[in-house]
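Have a look at final_25.pdb; it's PDB, C-alpha atoms and all ligand atoms:
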ATOM      1  CA  MET A  30       0.000   0.000   0.000
ATOM      2  CA  SER A  31       1.350   3.419  -0.902
ATOM      3  CA  ARG A  32       1.565   5.658   2.125
ATOM      4  CA  THR A  33       0.509   9.239   2.356
ATOM      5  CA  VAL A  34       3.442  11.347   3.499
ATOM      6  CA  TYR A  35       3.807  15.020   4.394
ATOM      7  CA  VAL A  36       6.297  17.311   2.660
ATOM      8  CA  ASN A  37       6.393  21.075   3.254
ATOM      9  CA  GLY A  38       2.668  21.555   3.692
ATOM     10  CA  ASP A  39       1.418  18.898   1.265
ATOM     11  CA  TYR A  40      -0.008  15.436   1.851
ATOM     12  CA  LEU A  41       1.213  13.266  -1.039
ATOM     13  CA  PRO A  42       1.490   9.630  -2.113
ATOM     14  CA  GLU A  43       5.011   8.555  -1.049
ATOM     15  CA  GLY A  44       6.102   8.089  -4.688
ATOM     16  CA  GLU A  45       5.318  11.710  -5.495
ATOM     17  CA  ALA A  46       7.213  13.294  -2.591
ATOM     18  CA  ARG A  47      10.247  15.348  -3.700
ATOM     19  CA  ILE A  48      13.164  17.034  -1.887
ATOM     20  CA  SER A  49      15.806  19.249  -3.518
ATOM     21  CA  ILE A  50      19.292  17.790  -4.069
ATOM     22  CA  PHE A  51      20.554  21.000  -2.396
ATOM     23  CA  ASP A  52      18.741  20.227   0.843
ATOM     24  CA  ARG A  53      21.203  20.636   3.730
ATOM     25  CA  GLY A  54      19.781  17.561   5.405
ATOM     26  CA  PHE A  55      20.990  15.550   2.413
ATOM     27  CA  LEU A  56      24.323  17.373   1.872
ATOM     28  CA  MET A  57      25.379  18.203   5.458
ATOM     29  CA  ALA A  58      23.183  16.165   7.819
ATOM     30  CA  ASP A  59      21.982  19.632   8.870
ATOM     31  CA  GLY A  60      18.689  18.581  10.347
ATOM     32  CA  VAL A  61      16.932  17.063  13.319
ATOM     33  CA  TYR A  62      14.285  14.411  13.738
ATOM     34  CA  GLU A  63      11.816  12.839  16.152
ATOM     35  CA  VAL A  64      10.117   9.469  16.292
ATOM     36  CA  THR A  65       6.758   9.347  18.023
ATOM     37  CA  THR A  66       5.121   6.018  18.735
ATOM     38  CA  VAL A  67       1.500   5.256  17.891
ATOM     39  CA  ILE A  68      -0.539   2.782  19.923
ATOM     40  CA  ASP A  69      -4.306   2.327  19.430
ATOM     41  CA  SER A  70      -3.967   5.049  16.741
ATOM     42  CA  LYS A  71      -2.949   7.536  19.461
ATOM     43  CA  LEU A  72       0.319   9.398  20.030
ATOM     44  CA  ILE A  73       2.590   8.426  22.914
ATOM     45  CA  ASP A  74       4.218  11.372  24.702
ATOM     46  CA  PHE A  75       3.589  13.847  21.873
ATOM     47  CA  ASP A  76       4.449  16.793  24.116
ATOM     48  CA  GLY A  77       7.774  15.300  25.183
ATOM     49  CA  HIS A  78       8.783  14.869  21.544
ATOM     50  CA  PHE A  79       7.555  18.347  20.587
ATOM     51  CA  THR A  80       9.543  19.918  23.445
ATOM     52  CA  ARG A  81      12.724  18.048  22.479
ATOM     53  CA  LEU A  82      12.232  18.991  18.807
ATOM     54  CA  GLN A  83      12.047  22.651  19.816
ATOM     55  CA  ARG A  84      15.231  22.281  21.885
ATOM     56  CA  SER A  85      17.139  20.548  19.053
ATOM     57  CA  LEU A  86      16.067  23.287  16.612
ATOM     58  CA  ASP A  87      17.031  26.035  19.084
ATOM     59  CA  GLU A  88      20.477  24.499  19.627
ATOM     60  CA  LEU A  89      21.106  24.559  15.851
ATOM     61  CA  GLY A  90      19.456  27.935  15.208
ATOM     62  CA  ILE A  91      16.785  26.510  12.901
ATOM     63  CA  GLU A  92      13.384  28.151  13.096
ATOM     64  CA  ASN A  93      10.530  25.847  14.103
ATOM     65  CA  PRO A  94       8.287  25.970  11.034
ATOM     66  CA  MET A  95       5.105  25.028  12.930
ATOM     67  CA  ASP A  96       3.537  25.511  16.344
ATOM     68  CA  ARG A  97       2.424  22.641  18.605
ATOM     69  CA  GLU A  98      -1.142  22.557  17.263
ATOM     70  CA  ALA A  99       0.007  22.425  13.637
ATOM     71  CA  TRP A 100       2.471  19.595  14.387
ATOM     72  CA  LEU A 101      -0.244  17.693  16.242
ATOM     73  CA  GLU A 102      -2.637  18.102  13.327
ATOM     74  CA  VAL A 103      -0.097  16.701  10.820
ATOM     75  CA  HIS A 104       0.637  13.737  13.114
ATOM     76  CA  ARG A 105      -3.066  12.986  13.492
ATOM     77  CA  GLN A 106      -3.775  13.361   9.773
ATOM     78  CA  LEU A 107      -1.021  10.902   8.891
ATOM     79  CA  VAL A 108      -2.196   8.357  11.486
ATOM     80  CA  ALA A 109      -5.740   8.616  10.115
ATOM     81  CA  GLN A 110      -4.864   8.629   6.401
ATOM     82  CA  ASN A 111      -2.493   5.665   6.763
ATOM     83  CA  GLU A 112      -4.736   3.812   9.231
ATOM     84  CA  VAL A 113      -1.890   3.296  11.684
ATOM     85  CA  ASP A 114      -2.945   1.285  14.726
ATOM     86  CA  GLN A 115       0.546   0.494  16.076
ATOM     87  CA  GLY A 116       3.701   1.990  14.654
ATOM     88  CA  MET A 117       5.521   5.281  14.514
ATOM     89  CA  ILE A 118       5.631   8.693  12.944
ATOM     90  CA  TYR A 119       9.013   9.941  11.762
ATOM     91  CA  LEU A 120       9.486  13.677  11.419
ATOM     92  CA  GLN A 121      12.485  15.541  10.075
ATOM     93  CA  VAL A 122      13.231  19.240   9.892
ATOM     94  CA  THR A 123      16.303  20.451   7.994
ATOM     95  CA  ARG A 124      17.768  23.905   7.477
ATOM     96  CA  GLY A 125      16.304  23.795   3.982
ATOM     97  CA  ALA A 126      17.566  23.904   0.429
ATOM     98  CA  PRO A 127      19.538  26.970  -0.699
ATOM     99  CA  GLY A 128      20.486  27.154  -4.388
ATOM    100  CA  ASP A 129      24.043  25.859  -3.894
ATOM    101  CA  ARG A 130      26.208  23.776  -1.598
ATOM    102  CA  ASP A 131      27.890  26.030   0.967
ATOM    103  CA  PHE A 132      29.244  25.494   4.509
ATOM    104  CA  VAL A 133      27.838  28.887   5.498
ATOM    105  CA  PHE A 134      24.257  28.689   6.735
ATOM    106  CA  PRO A 135      21.761  30.191   4.279
ATOM    107  CA  ASP A 136      19.750  33.296   5.156
ATOM    108  CA  PRO A 137      16.662  32.023   7.017
ATOM    109  CA  GLU A 138      14.621  34.808   5.398
ATOM    110  CA  THR A 139      15.053  33.240   1.961
ATOM    111  CA  THR A 140      15.703  29.567   2.787
ATOM    112  CA  LYS A 141      12.921  28.003   4.816
ATOM    113  CA  PRO A 142      13.286  24.697   6.722
ATOM    114  CA  THR A 143      12.274  21.488   4.974
ATOM    115  CA  VAL A 144       9.657  19.435   6.800
ATOM    116  CA  VAL A 145       9.033  15.749   6.101
ATOM    117  CA  LEU A 146       6.860  13.284   7.998
ATOM    118  CA  PHE A 147       5.943   9.690   7.265
ATOM    119  CA  THR A 148       4.470   6.732   9.118
ATOM    120  CA  GLN A 149       5.642   3.159   9.629
ATOM    121  CA  SER A 150       3.166   0.550  10.852
ATOM    122  CA  ASN A 151       4.343  -2.237  13.150
ATOM    123  CA  PRO A 152       1.559  -4.399  14.559
ATOM    124  CA  ALA A 153       4.020  -6.249  16.874
ATOM    125  CA  LEU A 154       5.112  -3.207  18.864
ATOM    126  CA  VAL A 155       3.323  -3.930  22.141
ATOM    127  CA  ASP A 156       3.284  -7.715  21.888
ATOM    128  CA  SER A 157       6.918  -7.876  20.783
ATOM    129  CA  PRO A 158       8.513 -11.322  20.334
ATOM    130  CA  LYS A 159      11.921  -9.667  20.939
ATOM    131  CA  ALA A 160      10.876  -8.397  24.358
ATOM    132  CA  LYS A 161       9.984 -11.948  25.421
ATOM    133  CA  LYS A 162      13.483 -13.217  24.507
ATOM    134  CA  GLY A 163      15.534 -10.136  25.273
ATOM    135  CA  ILE A 164      18.336  -8.768  23.124
ATOM    136  CA  LYS A 165      22.103  -9.320  23.013
ATOM    137  CA  VAL A 166      24.444  -6.344  22.883
ATOM    138  CA  ILE A 167      28.118  -5.878  22.124
ATOM    139  CA  THR A 168      30.193  -2.908  23.289
ATOM    140  CA  ILE A 169      31.991  -0.555  20.897
ATOM    141  CA  ASP A 170      33.833   2.749  21.260
ATOM    142  CA  ASP A 171      31.602   5.799  21.100
ATOM    143  CA  LEU A 172      32.977   7.658  18.087
ATOM    144  CA  ARG A 173      30.104  10.140  17.704
ATOM    145  CA  TRP A 174      30.399  13.926  17.949
ATOM    146  CA  GLY A 175      30.149  15.803  21.263
ATOM    147  CA  ARG A 176      26.538  17.062  21.014
ATOM    148  CA  ARG A 177      24.608  13.817  21.266
ATOM    149  CA  ASP A 178      21.908  15.686  23.203
ATOM    150  CA  ILE A 179      20.783  17.206  19.891
ATOM    151  CA  LYS A 180      18.715  14.709  17.908
ATOM    152  CA  THR A 181      20.402  15.251  14.552
ATOM    153  CA  VAL A 182      20.096  13.060  11.471
ATOM    154  CA  GLN A 183      23.830  12.160  11.623
ATOM    155  CA  LEU A 184      23.204   8.476  12.237
ATOM    156  CA  LEU A 185      26.010   6.836  10.278
ATOM    157  CA  TYR A 186      28.073   5.693  13.265
ATOM    158  CA  PRO A 187      25.065   4.306  15.178
ATOM    159  CA  SER A 188      24.047   2.534  11.986
ATOM    160  CA  MET A 189      27.575   1.075  11.630
ATOM    161  CA  GLY A 190      27.422   0.021  15.294
ATOM    162  CA  LYS A 191      24.205  -1.890  14.699
ATOM    163  CA  MET A 192      25.827  -3.625  11.717
ATOM    164  CA  MET A 193      28.877  -4.590  13.832
ATOM    165  CA  ALA A 194      26.487  -6.156  16.353
ATOM    166  CA  ILE A 195      24.564  -8.073  13.701
ATOM    167  CA  LYS A 196      27.827  -9.363  12.191
ATOM    168  CA  GLN A 197      28.708 -10.791  15.608
ATOM    169  CA  GLY A 198      25.328 -12.463  16.054
ATOM    170  CA  ALA A 199      24.048  -9.802  18.483
ATOM    171  CA  ASP A 200      21.164  -7.352  18.155
ATOM    172  CA  ASP A 201      22.624  -3.993  19.088
ATOM    173  CA  ALA A 202      25.695  -2.168  20.393
ATOM    174  CA  TRP A 203      26.270  -0.177  23.574
ATOM    175  CA  MET A 204      28.761   2.621  23.074
ATOM    176  CA  MET A 205      31.613   3.285  25.445
ATOM    177  CA  GLN A 206      33.573   6.384  26.410
ATOM    178  CA  ASP A 207      36.541   6.103  28.830
ATOM    179  CA  GLY A 208      35.416   2.592  29.761
ATOM    180  CA  GLU A 209      31.905   3.734  30.662
ATOM    181  CA  ILE A 210      28.720   3.102  28.718
ATOM    182  CA  THR A 211      27.126   6.155  27.158
ATOM    183  CA  GLU A 212      24.037   4.636  25.489
ATOM    184  CA  GLY A 213      22.836   2.217  22.823
ATOM    185  CA  THR A 214      22.946   3.014  19.105
ATOM    186  CA  SER A 215      19.317   4.142  19.190
ATOM    187  CA  ASN A 216      18.318   3.809  22.830
ATOM    188  CA  ASN A 217      19.297   4.640  26.398
ATOM    189  CA  ALA A 218      21.086   1.935  28.417
ATOM    190  CA  TYR A 219      20.382   0.714  31.966
ATOM    191  CA  ILE A 220      21.587  -1.965  34.371
ATOM    192  CA  ILE A 221      19.909  -3.230  37.522
ATOM    193  CA  LYS A 222      21.903  -4.353  40.561
ATOM    194  CA  ASP A 223      20.360  -5.353  43.899
ATOM    195  CA  GLY A 224      17.061  -3.796  42.812
ATOM    196  CA  ARG A 225      18.648  -0.435  41.904
ATOM    197  CA  ILE A 226      18.176   0.932  38.395
ATOM    198  CA  ILE A 227      21.387   2.553  37.136
ATOM    199  CA  THR A 228      21.614   4.743  34.023
ATOM    200  CA  ARG A 229      24.014   7.468  32.867
ATOM    201  CA  ALA A 230      23.074  10.992  33.988
ATOM    202  CA  LEU A 231      21.904  13.508  31.375
ATOM    203  CA  SER A 232      24.625  15.569  29.680
ATOM    204  CA  ASN A 233      25.779  16.320  26.125
ATOM    205  CA  ASP A 234      27.137  12.724  26.017
ATOM    206  CA  ILE A 235      23.721  11.130  25.473
ATOM    207  CA  LEU A 236      20.350  11.797  23.934
ATOM    208  CA  HIS A 237      17.812  12.863  26.534
ATOM    209  CA  GLY A 238      15.383  10.056  25.849
ATOM    210  CA  ILE A 239      11.697  10.822  26.148
ATOM    211  CA  THR A 240      11.113   7.192  27.106
ATOM    212  CA  ARG A 241      13.970   7.447  29.640
ATOM    213  CA  ALA A 242      12.243  10.361  31.385
ATOM    214  CA  ALA A 243       8.935   8.483  31.554
ATOM    215  CA  VAL A 244      10.448   5.171  32.674
ATOM    216  CA  LEU A 245      12.499   6.791  35.463
ATOM    217  CA  ARG A 246       9.383   8.630  36.654
ATOM    218  CA  PHE A 247       7.344   5.402  36.691
ATOM    219  CA  ALA A 248      10.188   3.530  38.442
ATOM    220  CA  ARG A 249      10.371   6.132  41.218
ATOM    221  CA  GLU A 250       6.583   6.096  41.584
ATOM    222  CA  ALA A 251       6.772   2.299  41.973
ATOM    223  CA  GLN A 252       9.390   2.751  44.746
ATOM    224  CA  MET A 253      12.202   1.318  42.601
ATOM    225  CA  PRO A 254      15.440   3.152  43.500
ATOM    226  CA  VAL A 255      17.110   4.962  40.591
ATOM    227  CA  GLU A 256      20.772   6.017  40.364
ATOM    228  CA  GLU A 257      21.642   8.417  37.529
ATOM    229  CA  ARG A 258      25.372   7.767  37.165
ATOM    230  CA  SER A 259      27.863   6.248  34.750
ATOM    231  CA  PHE A 260      28.683   2.539  34.857
ATOM    232  CA  THR A 261      31.513   0.513  33.367
ATOM    233  CA  VAL A 262      31.300  -2.449  31.011
ATOM    234  CA  GLU A 263      32.564  -4.705  33.839
ATOM    235  CA  GLU A 264      29.818  -3.474  36.150
ATOM    236  CA  ALA A 265      27.277  -4.065  33.404
ATOM    237  CA  LYS A 266      28.438  -7.630  32.852
ATOM    238  CA  SER A 267      28.011  -8.439  36.549
ATOM    239  CA  ALA A 268      24.582  -6.775  36.784
ATOM    240  CA  ASP A 269      21.444  -8.754  37.663
ATOM    241  CA  GLU A 270      19.505  -7.322  34.722
ATOM    242  CA  ALA A 271      19.871  -4.798  31.941
ATOM    243  CA  PHE A 272      17.560  -3.088  29.485
ATOM    244  CA  VAL A 273      17.293  -0.300  26.936
ATOM    245  CA  THR A 274      14.556   2.252  26.312
ATOM    246  CA  SER A 275      13.379   4.092  23.221
ATOM    247  CA  ALA A 276      10.116   5.347  21.786
ATOM    248  CA  SER A 277       9.802   2.370  19.443
ATOM    249  CA  THR A 278      11.026  -0.434  21.743
ATOM    250  CA  PHE A 279       9.649   0.905  25.069
ATOM    251  CA  VAL A 280      11.566  -1.099  27.716
ATOM    252  CA  MET A 281      13.554  -3.871  26.010
ATOM    253  CA  PRO A 282      15.364  -6.419  28.220
ATOM    254  CA  VAL A 283      19.060  -7.071  27.509
ATOM    255  CA  VAL A 284      20.140 -10.639  28.286
ATOM    256  CA  GLU A 285      23.756 -10.718  27.090
ATOM    257  CA  ILE A 286      26.646  -8.222  26.979
ATOM    258  CA  ASP A 287      29.725  -9.087  24.892
ATOM    259  CA  GLY A 288      28.758 -12.767  25.073
ATOM    260  CA  ALA A 289      28.375 -12.761  28.894
ATOM    261  CA  LYS A 290      24.882 -13.827  29.980
ATOM    262  CA  LEU A 291      23.141 -11.715  32.624
ATOM    263  CA  GLY A 292      21.606 -13.909  35.317
ATOM    264  CA  ALA A 293      19.817 -16.812  33.651
ATOM    265  CA  GLY A 294      20.164 -15.214  30.224
ATOM    266  CA  THR A 295      16.440 -14.452  30.102
ATOM    267  CA  PRO A 296      14.599 -11.121  30.523
ATOM    268  CA  GLY A 297      14.756  -9.951  34.146
ATOM    269  CA  PRO A 298      11.618  -9.497  36.275
ATOM    270  CA  LEU A 299      12.154  -5.787  36.973
ATOM    271  CA  ALA A 300      12.743  -4.943  33.312
ATOM    272  CA  LEU A 301       9.582  -6.821  32.353
ATOM    273  CA  ARG A 302       7.607  -5.076  35.093
ATOM    274  CA  LEU A 303       8.861  -1.670  33.941
ATOM    275  CA  ARG A 304       7.882  -2.542  30.380
ATOM    276  CA  GLU A 305       4.366  -3.392  31.511
ATOM    277  CA  ILE A 306       4.015  -0.234  33.604
ATOM    278  CA  TYR A 307       5.401   1.922  30.779
ATOM    279  CA  ILE A 308       3.006   0.502  28.178
ATOM    280  CA  ASP A 309      -0.024   0.709  30.496
ATOM    281  CA  GLU A 310       0.654   4.266  31.655
ATOM    282  CA  SER A 311       1.631   5.557  28.194
ATOM    283  CA  ARG A 312      -1.499   4.083  26.694
ATOM    284  CA  LYS A 313      -3.620   5.839  29.270
ATOM    285  CA  ALA A 314      -1.915   9.196  28.618
ATOM    286  CA  ALA A 315      -1.819   8.902  24.796
ATOM    287  CA  ILE A 316      -3.535  11.662  22.796
TER
HETATM  288  N1  LIG B 401      19.624   7.443  22.467
HETATM  289  C1  LIG B 401      19.788   7.510  21.145
HETATM  290  C2  LIG B 401      21.164   7.629  20.580
HETATM  291  C3  LIG B 401      18.675   7.434  20.293
HETATM  292  O1  LIG B 401      18.851   7.510  18.953
HETATM  293  C4  LIG B 401      17.387   7.283  20.855
HETATM  294  C5  LIG B 401      16.197   7.214  20.003
HETATM  295  O2  LIG B 401      16.250   7.337  18.817
HETATM  296  C6  LIG B 401      17.273   7.209  22.255
HETATM  297  C7  LIG B 401      18.410   7.296  23.027
HETATM  298  C8  LIG B 401      15.925   7.033  22.907
HETATM  299  O3  LIG B 401      15.191   8.224  22.874
HETATM  300  P1  LIG B 401      13.605   8.193  22.930
HETATM  301  O4  LIG B 401      13.252   7.468  24.196
HETATM  302  O5  LIG B 401      13.214   9.627  22.991
HETATM  303  O6  LIG B 401      13.131   7.473  21.722
END

For the file at hand, write its structure as structure tokens.
Amino acid sequence: MSRTVYVNGDYLPEGEARISIFDRGFLMADGVYEVTTVIDSKLIDFDGHFTRLQRSLDELGIENPMDREAWLEVHRQLVAQNEVDQGMIYLQVTRGAPGDRDFVFPDPETTKPTVVLFTQSNPALVDSPKAKKGIKVITIDDLRWGRRDIKTVQLLYPSMGKMMAIKQGADDAWMMQDGEITEGTSNNAYIIKDGRIITRALSNDILHGITRAAVLRFAREAQMPVEERSFTVEEAKSADEAFVTSASTFVMPVVEIDGAKLGAGTPGPLALRLREIYIDESRKAAI
């Protein structure tokens, strides 16, 4: 089925959507994105994603082309037109397409941001076979730039990291800086030891996950102690449980790190409980 996508104000069949070859997203990775999950045809944490989008744009000096209500309307239109029950909406805003390639930013008066949104359906999001088995991760050096708090479209290294993991028979990679884990290629990373949930504190070293914020809030509400601090690979390997969070995987148990099984090598009880709480609460709050 051909999807309806959104490009710069128009709803179009995906095959008719066009972007200039001079677009700075294409030439310079000069753009930001968000992924918002859809469950029961409703948006999970729309406001969290909108707020982070605004922050990413502000950090790069790109004007937000739409206000909250306009963004919400486009999201809802695409969910309705593409009949998405479970899945996600991808949005991207770039600095736009000046007439030439140039390192200097174009004048925002004459070059307007490019806006693209599309949907991806995934009926197995909530009832995920992967979550029942857990995932295996490898560790790799974190070779990304120093502003990982900005959700830019520069995803080549994370993409290479995922490929390194797949080549080694694993599912994903956790990235490492000075012996400590920063985050996963497309998710935030956590370990659990003696009932305590440990995850790196927010800084420019990691993306400030919207799912992370929600999961830590739900954990504290459920009286699960949370420590926001760095942890080493060795500490991770001797943890009782581990998991990752992201908008599209929610809470995903990790059962193996660099070939070392955690506990019994099956998803841990606290990770599974957090997954359940996250899905239940997010569903209730979806708009
Ligand atoms: N960290 C990185 C590097 C990511 O790319 C993502 C999601 O794409 C996350 C963390 C999780 O963020 P969120 O929970 O907002 O999806």

Could you tell me how far atom CA of Arg124 of chain A sits from atom CA of Ala99 of chain A, in Å to one decimal place?
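Interatomic distance, atom CA of Ala99 of chain A to atom CA of Arg124 of chain A: 18.9 Å.
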
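Between atom CA of Pro158 of chain A and atom CA of Ile286 of chain A there is a distance of 19.6 Å.
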
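Closest approach to Gly224 of chain A among A:Ile167, A:Ala300, A:Leu184, A:Val244: A:Ala300, based on only C-alpha atoms.
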
Closest atom pairs, residues of chain A within 8 Å of ligand LIG 401 (chain B), all atoms listed in the file, as a Markdown table:
| residue | atom | partner | partner_atom | distance |
| --- | --- | --- | --- | --- |
| A:Glu63 | CA | B:LIG401 | O2 | 7.6 |
| A:Val64 | CA | B:LIG401 | O6 | 6.5 |
| A:Thr65 | CA | B:LIG401 | O6 | 7.6 |
| A:His78 | CA | B:LIG401 | O5 | 7.0 |
| A:Arg177 | CA | B:LIG401 | C2 | 7.1 |
| A:Lys180 | CA | B:LIG401 | O1 | 7.3 |
| A:Pro187 | CA | B:LIG401 | C2 | 7.4 |
| A:Glu212 | CA | B:LIG401 | N1 | 6.0 |
| A:Gly213 | CA | B:LIG401 | C2 | 6.1 |
| A:Thr214 | CA | B:LIG401 | C2 | 5.2 |
| A:Ser215 | CA | B:LIG401 | O1 | 3.4 |
| A:Asn216 | CA | B:LIG401 | C7 | 3.5 |
| A:Asn217 | CA | B:LIG401 | C7 | 4.4 |
| A:Ile235 | CA | B:LIG401 | N1 | 6.3 |
| A:Leu236 | CA | B:LIG401 | N1 | 4.7 |
| A:His237 | CA | B:LIG401 | O3 | 6.5 |
| A:Gly238 | CA | B:LIG401 | O3 | 3.5 |
| A:Ile239 | CA | B:LIG401 | O5 | 3.7 |
| A:Thr240 | CA | B:LIG401 | O4 | 3.6 |
| A:Arg241 | CA | B:LIG401 | O4 | 5.5 |
| A:Ala242 | CA | B:LIG401 | O4 | 7.8 |
| A:Thr274 | CA | B:LIG401 | O4 | 5.8 |
| A:Ser275 | CA | B:LIG401 | O4 | 3.5 |
| A:Ala276 | CA | B:LIG401 | O6 | 3.7 |
| A:Ser277 | CA | B:LIG401 | O6 | 6.5 |
| A:Phe279 | CA | B:LIG401 | O4 | 7.5 |

Specify as number ranges by chain each residue included when the PyMOL selection byres (((chain A and resi 131) around 12) and not hetatm) is applied to this file.
A: 51-53, 56-57, 59, 126-130, 132-136

Which residues, named as in the file, does the PyMOL selection byres (((chain A and resi 305-308) around 9) and not hetatm) pick out? Answer as a PyMOL selection string.
chain A and resi 155+240+243-244+247-248+279-280+300-304+309-313

Looking at all atoms listed in the file, which of A:Ala271, A:Leu120, A:Ile210, A:Val103 is the one that sits closest to Pro298 of chain A?
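Using all atoms listed in the file, the shortest distance to Pro298 of chain A belongs to A:Ala271.
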
Which residues fall under the PyMOL selection byres (((chain A and resi 71) around 9) and not hetatm) in this file, as a list in words?
Thr66, Val67, Ile68, Asp69, Ser70, Leu72, Ile73, Arg105, Val108, Val113, Asp114, Gln115, Arg312, Ala315 and Ile316 of chain A

Identify the residues within 8 Å of coordinate (22.1, 13.3, 33.9) (same frame as the file), considering all atoms listed in the file, and give the answer as a count of residues only.
6

Residues at most 10 Å from Ala194 of chain A, counting only C-alpha atoms, excluding those fewer than 6 positions away in the same chain, as a PDB file with C-alpha atoms, keeping the file's coordinate frame?
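Below is the file selection.pdb, written as the result:
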ATOM      1  CA  LYS A 165      22.103  -9.320  23.013  1.00  0.00           C
ATOM      2  CA  VAL A 166      24.444  -6.344  22.883  1.00  0.00           C
ATOM      3  CA  ILE A 167      28.118  -5.878  22.124  1.00  0.00           C
ATOM      4  CA  THR A 168      30.193  -2.908  23.289  1.00  0.00           C
ATOM      5  CA  ILE A 169      31.991  -0.555  20.897  1.00  0.00           C
ATOM      6  CA  ASP A 200      21.164  -7.352  18.155  1.00  0.00           C
ATOM      7  CA  ASP A 201      22.624  -3.993  19.088  1.00  0.00           C
ATOM      8  CA  ALA A 202      25.695  -2.168  20.393  1.00  0.00           C
ATOM      9  CA  TRP A 203      26.270  -0.177  23.574  1.00  0.00           C
ATOM     10  CA  ASP A 287      29.725  -9.087  24.892  1.00  0.00           C
TER      11      ASP A 287
END

Complete segment 232-237 of chain A at the level of all heavy atoms, written as a PDB file, in the coordinates of the input.
ATOM      1  N   SER A 232      23.557  14.615  30.018  1.00  0.00           N
ATOM      2  CA  SER A 232      24.625  15.569  29.680  1.00  0.00           C
ATOM      3  C   SER A 232      24.645  15.626  28.155  1.00  0.00           C
ATOM      4  O   SER A 232      23.790  15.013  27.499  1.00  0.00           O
ATOM      5  CB  SER A 232      25.977  15.067  30.193  1.00  0.00           C
ATOM      6  OG  SER A 232      26.407  13.966  29.404  1.00  0.00           O
ATOM      7  N   ASN A 233      25.661  16.300  27.583  1.00  0.00           N
ATOM      8  CA  ASN A 233      25.779  16.320  26.125  1.00  0.00           C
ATOM      9  C   ASN A 233      26.252  14.977  25.570  1.00  0.00           C
ATOM     10  O   ASN A 233      26.314  14.795  24.352  1.00  0.00           O
ATOM     11  CB  ASN A 233      26.755  17.411  25.678  1.00  0.00           C
ATOM     12  CG  ASN A 233      26.211  18.794  25.951  1.00  0.00           C
ATOM     13  OD1 ASN A 233      25.058  18.940  26.359  1.00  0.00           O
ATOM     14  ND2 ASN A 233      27.024  19.806  25.743  1.00  0.00           N
ATOM     15  N   ASP A 234      26.617  14.032  26.464  1.00  0.00           N
ATOM     16  CA  ASP A 234      27.137  12.724  26.017  1.00  0.00           C
ATOM     17  C   ASP A 234      26.052  11.786  25.502  1.00  0.00           C
ATOM     18  O   ASP A 234      26.363  10.801  24.835  1.00  0.00           O
ATOM     19  CB  ASP A 234      27.845  12.001  27.179  1.00  0.00           C
ATOM     20  CG  ASP A 234      29.117  12.715  27.597  1.00  0.00           C
ATOM     21  OD1 ASP A 234      29.651  13.496  26.794  1.00  0.00           O
ATOM     22  OD2 ASP A 234      29.553  12.495  28.741  1.00  0.00           O
ATOM     23  N   ILE A 235      24.799  12.049  25.884  1.00  0.00           N
ATOM     24  CA  ILE A 235      23.721  11.130  25.473  1.00  0.00           C
ATOM     25  C   ILE A 235      22.490  11.918  25.020  1.00  0.00           C
ATOM     26  O   ILE A 235      22.330  13.095  25.363  1.00  0.00           O
ATOM     27  CB  ILE A 235      23.294  10.151  26.606  1.00  0.00           C
ATOM     28  CG1 ILE A 235      22.735  10.914  27.823  1.00  0.00           C
ATOM     29  CG2 ILE A 235      24.456   9.248  27.001  1.00  0.00           C
ATOM     30  CD1 ILE A 235      22.075  10.005  28.877  1.00  0.00           C
ATOM     31  N   LEU A 236      21.641  11.201  24.294  1.00  0.00           N
ATOM     32  CA  LEU A 236      20.350  11.797  23.934  1.00  0.00           C
ATOM     33  C   LEU A 236      19.440  11.739  25.163  1.00  0.00           C
ATOM     34  O   LEU A 236      19.409  10.725  25.874  1.00  0.00           O
ATOM     35  CB  LEU A 236      19.703  11.031  22.783  1.00  0.00           C
ATOM     36  CG  LEU A 236      18.417  11.704  22.298  1.00  0.00           C
ATOM     37  CD1 LEU A 236      18.747  12.947  21.477  1.00  0.00           C
ATOM     38  CD2 LEU A 236      17.572  10.756  21.477  1.00  0.00           C
ATOM     39  N   HIS A 237      18.717  12.823  25.382  1.00  0.00           N
ATOM     40  CA  HIS A 237      17.812  12.863  26.534  1.00  0.00           C
ATOM     41  C   HIS A 237      16.508  12.166  26.139  1.00  0.00           C
ATOM     42  O   HIS A 237      15.579  12.796  25.654  1.00  0.00           O
ATOM     43  CB  HIS A 237      17.564  14.303  26.962  1.00  0.00           C
ATOM     44  CG  HIS A 237      18.831  15.048  27.324  1.00  0.00           C
ATOM     45  ND1 HIS A 237      18.831  16.281  27.895  1.00  0.00           N
ATOM     46  CD2 HIS A 237      20.136  14.697  27.213  1.00  0.00           C
ATOM     47  CE1 HIS A 237      20.090  16.683  28.113  1.00  0.00           C
ATOM     48  NE2 HIS A 237      20.895  15.727  27.695  1.00  0.00           N
TER      49      HIS A 237
END
